[in-house]
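*Asks:* Can you read through this structure? Questions will come right after.
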Amino acid sequence: MSDFASGPVVHVAAKGRGAYRSIAAAVAAAPAGATVLIAAGDYTEALRLERRVTLRPEHGTGSVTVRSPGGVTLTVTAPDCVVSGLALRGADPTEPVVRVADAAGLTLDDCVVGHGRVEVRGSGAGAWTGAARGAAAGAVTGIGSPSGAGGGFRTASAATPGPGSGQGRAGNTLGFQPEGSATSAARGETRLGPAPGFGAGSAPGAGDFGGSAASADTVGVVGGVVTQLPPGVGAGPAGVASATRGSLPGHGSPVVPALRVDDDLASALRDPAGGGVLVVRNSRLHGAHHAAVHVDGDALARCEDTLIESVDGLGVALSGHAVLLGERLRVRKTSGSALRVRGGSRLLLRDSVVCGAGRNGVLVQDAAYAELDDCRVDAVAGSGVEVDHEARTELRDCRIADTGGSALVAAGSAALDVRRCRIADPAANGLVALGDAGVHMADTVLLRSGYSAIHLADRSAAVLTGVRVPGGNEHAVAVVDAASAEIADSAFADVRMCGIDVADQGRLSMRGSRVDGGETGVRLRSAHECDVTESAVAGQRKSGVEVGEHAPAVLTGLSVADVGGAGVVAESGARVAVRGGSVTRTGGSGLVVGHGATCEAHGLRIAGTAKNGIVLGNGADGVFDHCDVTGSAFPALHVGREATPRFVGCRVFDCATDVGFAEGASPSFEDCVAVRVETAVLPSVAAPSATPPAPGPRPTAPAGTGGPGKAAAPPPGLPDTDVAELGVPGPEPETLDDLLNELGELVGLDGVKREVGGMVKLMQTVRMRQDAGLPAPPLSRHLVFAGNPGTGKTTVARLYGRLLKALGLLERGHLVEVDRSALVGEYVGHTAPKTTESFNRARGGVLFIDEAYALVPAGMANDFGGEAIATLVKLMEDHRDEVVVIAAGYPGDMDRFIASNPGLSSRFTRSLLFADYSADELVRIVEHHANRHQYELSTAARKSLGELFESMPRNVQFGNGRTARQVFQQMTETQAIRIAELTNADERQLIVLDEEDIPRLAAQV
């Protein structure tokens, strides 16, 4: 509390000459500009400030408490009043403790306000009469993604989930449920909320001060056909959609002077031009019902360094055309939304924290506007930020985490602009857009979403630039209904389902982006043409790109690599244009053109496919212009029955067979050649030459045989092209010393390191004998890795493959990880092809069979696992120099696996035992994770971690290194919550993980 200004001073005390016995008497007698100095005590009075006065305690902050005898404790009707250092308490938590009237001004400094709300009134309170905004917004908890037609949602009158086979969530729920608080139940009110089992949502509930209340019989989201960007969205500097900063849409809004979040409202306090003006500094507001702060009409308010907590209702409610400026505001433990902005009001918030809300963190509705800069929203039951109707919201450098619903929701015709934000661990979607909402998201990361990270539905439109999704439970981006997405310079990785999934009438334009991992990279099933340009897709378990039945797509400069299935698939009736790009190292075919589909490919490079380079199904058609296929395991080109493709200037390199035909196929070939192909249909040349080939006869399939035809005479020449340049260049070769150093840096595993080091020396000798022309001694490179989960088996297996590549004993050294499900079929005759496919993917590298003992289930004699083992034994013999097989599992169970087939014991002659990590080693693993993420462990934390790991039971739930990683993650989350409670955390506090951040043992067992 600062020193009071010079001027008349009026005293309040229980005794003493010249002192008034009550505050009300002193205020009534005080002239304008006076300071009322109040002796310590508890006063039961209703105060009314009708002149500019200042109220202060005589003996320091908190020494004076003013209680209401009934009604409002403090009413302010004059401008520029100040109340400093007092505790104000209401008689009824549903009523105001402080009321600032129209054209009045009040500063609350270093005060405590309890058991009621602070109310700031303005002219035209509750009179916002915008255009009809459609139906009321439902409680949007998030939209899941079934594998069929995308996620569905239901209302109270239509509780049916969307179609699908259940691989994704059954959708979100809209419906009415009781408010949940005692006060709302007593009034018989309802509120929109989720059905049981779904995250909390948001809609008008208790304490609807002004604004437009939702109707209980209008549930849903309504909007017209999108023919232009939604209201409030214009073309930004880069031609992308962005909310117009600082302006409000029409709807009869009055002209409001431009305000900045750091405006101190000093001039407005002295001379309020419209409604009331309130400034709250260094204060605490608590214990209110309905709302802690309500600002309506054309009132202005500012909150800085203030805490609002323990509210049965809303933390802050804005309505009419009110404006709230907030800096370092904290709102926590509210049963309703922390901040609700309605009507034509505005919220400007900076460096503030919202946590523990019973509903949404921030709810922006009607034609309201909200701007959040460097704010945090944590652990709210509903949405982190929800924007509805014609409202607009901008988020800058914000963090939203642990929401019970979706982190961000845009619905109606709302506009949402998100830049440089971090979204983590929402129970539903990271972002969901519905209705005609428009979203611009840039330089933002979305982590660990419960549903799809980004879900766009109805007619919503989103522009995503520099967005990162490093993992998630469903899709990274799902576009359904008539929604559209424009994606640029973004990266999506390791989601469970698709990186990008477009269905129904959805639209996609993606440029300069990357999709890694997941089940499928990009899946396009929309009736509208989608385009993917200069992007990369890699590491998927199944296909890289799938174009659905009868769907159109254009793929330009696309790179697909290291996928488990086909590189690009055009399903039945699809229409695909491929312009340039490459498909390399696929577990299936490079390009698959399904039954009746059409593909036009120009300048496509395909290399290293485990099946065909290009395969055309029955009745497929297309033109393949100057495409190259190199090193396919099956015929480079396969043409199905009644397929009529045209190949122009195409080349096939280093394959056993260039072209395979089905009976009735009718391909045509112009200026196509085969280079270093054993059985060629195309004109064959020994090596490229400097001149282009002259046009020659067009080879066709031999009638009725389906086999290769006789090779034509080689043409005069071929353009001088180095075969090694075709496809994606590989990384710089790793040196043996670097890899051994990397092995030595692993925590623990001393015995394993010695074994691997010894094998490397042995294989170096073998390599030297081979280089000297001497026969190699008998040596089995296949290994058994026996150890409990989390002991580093996969990490060492990956390093082993790279070591063998560095020694020149494996061509690629890559790791293909499989388990029983990838090897064993579901019916007779399915297991051998499935095992062979997995084995072929590992050719040139390491096949790592996790939980290999599961191929020999205990007590089951007639199991398909035996067929998988027999197939593996034969493949290991046939390709002994191409593949190294590592079988991994629990120590006791691996003996049963080796004993199941005589061929295994002769091939797996060496076992490496991976011991459990000691407590000290687990602490070092945690410290390793901490260093990677720029954290440090305090000395006390190291000691307590050691004690934690020592006390952990080493049962089946113990995960060794995985447990250490989980402990580190929990420590960072606990530290983040702890730091959020600090007013000014320094850099050191942000880095150090202390013993108080260590989870309890109960959480680990």
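Chain labels follow the order of the structure tokens: the first chain is A, the next B, and so on; residue numbering restarts at 1 in every chain, and ligands are counted from 1 in their shown order.
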List the spatial neighbours of Leu524 (chain A) as a ChimeraX atom specification - criterion: any atom at most 12 Å away, only C-alpha atoms, same-chain residues fewer than 6 positions off excluded.
*Replies:* /A:149,477-480,498-510,530-532,544-555,568-571,574-576
*Asks:* Which residues are near region 491-495 of chain A? Cut-off 6 Å, only C-alpha atoms, ignore same chain within fewer than 3 positions. Put them as a compact mmCIF listing (two decimals) with C-alpha atoms, in the first residue's frame.
*Replies:*
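Saved the output as result-v7.txt:
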# COMPACT_ATOMS: atom_id res chain seq x y z
CA ARG A 468 3.78 -29.24 -35.06
CA VAL A 469 1.98 -32.34 -33.78
CA PRO A 470 4.59 -34.74 -32.31
CA GLY A 471 2.23 -37.57 -31.38
CA GLY A 472 -1.40 -38.17 -30.51
CA ASN A 473 -4.06 -40.84 -30.02
CA SER A 513 5.14 -30.05 -44.72
CA ARG A 514 6.22 -33.39 -43.29
CA VAL A 515 4.33 -36.40 -41.94
CA ASP A 516 6.32 -39.03 -40.03
CA GLY A 517 5.13 -42.30 -38.54
CA GLY A 518 1.58 -43.28 -37.74
*Asks:* Report the distance between CA of Phe634 (chain A) and CA of Pro833 (chain A) in Å, rounded to one decimal place.
*Replies:*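 Result for CA of Phe634 (chain A) versus CA of Pro833 (chain A): 14.2 Å, one decimal.
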*Asks:* Which is closer to Tyr43 (chain A) than all the others in A:Val583, A:Leu86, A:Ala28, A:Ala103, using only C-alpha atoms?
*Replies:* A:Leu86
*Asks:* Counting only C-alpha atoms, which residue out of A:Phe864, A:Gly275, A:Ala797, A:Phe653 sits closest to Val884 (chain A)?
*Replies:* A:Ala797
*Asks:* Here is a test: counting only C-alpha atoms, which residue of A:Pro953, A:Gly844, A:Gly320, A:Gly748 is nearest to Asp920 (chain A)?
*Replies:*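 Selected residue with least distance to Asp920 (chain A): A:Gly748.
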*Asks:* Using only C-alpha atoms for the distances, tell me which of A:Glu58, A:Glu394, A:Asp388, A:Glu987 is nearest to Ala370 (chain A).
*Replies:*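 Counting only C-alpha atoms, the residue closest to Ala370 (chain A) is A:Glu394.
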*Asks:* Quick one: distance from CA of Arg1000 (chain A) to CA of Glu936 (chain A) in Å, one decimal?
*Replies:*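 Atom-to-atom, CA of Arg1000 (chain A) and CA of Glu936 (chain A) are spaced 19.7 Å apart.
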*Asks:* Please determine, counting only C-alpha atoms, which residue among A:Gly450, A:Ile308, A:Ser944, A:Ala462 has the shortest atom-to-atom distance to Ala437 (chain A).
*Replies:*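 Among A:Gly450, A:Ile308, A:Ser944, A:Ala462, it is A:Ala462 that comes nearest to Ala437 (chain A).
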*Asks:* Given only C-alpha atoms as the basis, pick out the residue of A:Ile977, A:Val279, A:Ala367, A:Val113 nearest to Ser345 (chain A).
*Replies:*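 Selected residue with least distance to Ser345 (chain A): A:Ala367.
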*Asks:* Extract, using only C-alpha atoms, all DNA, RNA and protein residues at most 6 Å from region 107-112 of chain A, discarding same-chain residues fewer than 3 positions from it, and format them as a ChimeraX atom specification.
*Replies:* /A:82-87,278-285
*Asks:* When you look at Arg988 (chain A) with a cut-off of 12 Å (counting only C-alpha atoms), what residues show up, excluding the ones that are within fewer than 6 positions of it in the same chain? I need them as a PDB file with N, CA, C and O atoms, in the first residue's frame.
*Replies:*
ATOM      1  N   GLN A 934      16.904 -29.464 -21.229  1.00  0.00           N
ATOM      2  CA  GLN A 934      17.391 -28.258 -20.568  1.00  0.00           C
ATOM      3  C   GLN A 934      16.785 -28.077 -19.173  1.00  0.00           C
ATOM      4  O   GLN A 934      16.298 -27.012 -18.813  1.00  0.00           O
ATOM      5  N   TYR A 935      16.821 -29.156 -18.410  1.00  0.00           N
ATOM      6  CA  TYR A 935      16.505 -29.117 -16.987  1.00  0.00           C
ATOM      7  C   TYR A 935      17.755 -29.544 -16.215  1.00  0.00           C
ATOM      8  O   TYR A 935      18.679 -30.148 -16.772  1.00  0.00           O
ATOM      9  N   GLU A 936      17.754 -29.259 -14.922  1.00  0.00           N
ATOM     10  CA  GLU A 936      18.815 -29.716 -14.038  1.00  0.00           C
ATOM     11  C   GLU A 936      18.182 -30.307 -12.785  1.00  0.00           C
ATOM     12  O   GLU A 936      17.146 -29.828 -12.310  1.00  0.00           O
ATOM     13  N   LEU A 937      18.835 -31.346 -12.261  1.00  0.00           N
ATOM     14  CA  LEU A 937      18.391 -31.937 -11.000  1.00  0.00           C
ATOM     15  C   LEU A 937      19.164 -31.318  -9.850  1.00  0.00           C
ATOM     16  O   LEU A 937      20.396 -31.211  -9.904  1.00  0.00           O
ATOM     17  N   SER A 938      18.449 -30.928  -8.819  1.00  0.00           N
ATOM     18  CA  SER A 938      19.125 -30.450  -7.623  1.00  0.00           C
ATOM     19  C   SER A 938      19.753 -31.638  -6.894  1.00  0.00           C
ATOM     20  O   SER A 938      19.408 -32.801  -7.125  1.00  0.00           O
ATOM     21  N   ILE A 979       5.722 -23.754 -10.434  1.00  0.00           N
ATOM     22  CA  ILE A 979       6.252 -22.472 -10.913  1.00  0.00           C
ATOM     23  C   ILE A 979       5.118 -21.518 -11.271  1.00  0.00           C
ATOM     24  O   ILE A 979       5.229 -20.303 -11.116  1.00  0.00           O
ATOM     25  N   ASP A 994      13.399 -30.039  -8.367  1.00  0.00           N
ATOM     26  CA  ASP A 994      13.771 -30.244  -6.972  1.00  0.00           C
ATOM     27  C   ASP A 994      13.055 -31.473  -6.418  1.00  0.00           C
ATOM     28  O   ASP A 994      12.183 -32.064  -7.077  1.00  0.00           O
TER      29      ASP A 994
END
*Asks:* Taking 5 positions as the minimum chain separation for residues in the same chain, which residues sit within 7 Å of Ala607 (chain A) when counting only C-alpha atoms? Answer as a count of residues only.
*Replies:* 8
*Asks:* Based on the backbone DSSP call, show me all residues of region 215-447 of chain A assigned helix (DSSP H, G or I), as a list in words.
*Replies:*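 Residues meeting the helix (DSSP H, G or I) criterion: Ala266, Ser267, Ala268, Leu269 and Arg270 of chain A.
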*Asks:* Contacts of Ala940 (chain A) at 12 Å or less, counting only C-alpha atoms, minus same-chain residues fewer than 3 places along, as a list in words?
*Replies:*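 So the residues in contact are Glu936, Leu937, Lys943, Ser944, Leu945, Gly946, Glu947, Val992, Leu993, Asp994, Glu995, Glu996, Asp997 and Ile998 of chain A.
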*Asks:* May I have the residues within 10 Å of region 577-582 of chain A as a ChimeraX atom specification, using only C-alpha atoms and disregarding those fewer than 4 positions away in the same chain?
*Replies:* /A:531-536,552-561,567-568,590,598-607,622-629,726-728
*Asks:* Quick one: pull the distance between CA of Gly664 (chain A) and CA of Phe647 (chain A), Å, one decimal.
*Replies:* 17.1 Å
*Asks:* Run DSSP on the backbone and give me the residues of region 427-638 of chain A it puts in strand (DSSP E), as a PyMOL selection string.
*Replies:* chain A and resi 431-433+438-442+445-447+454-456+461-465+468-472+477-479+484-488+491-495+498-502+507-511+514-516+520-524+530-533+536-538+545-547+552-556+559-563+568-570+575-579+582-586+591-593+598-602+605-609+614-616+621-625+628-630+637-638
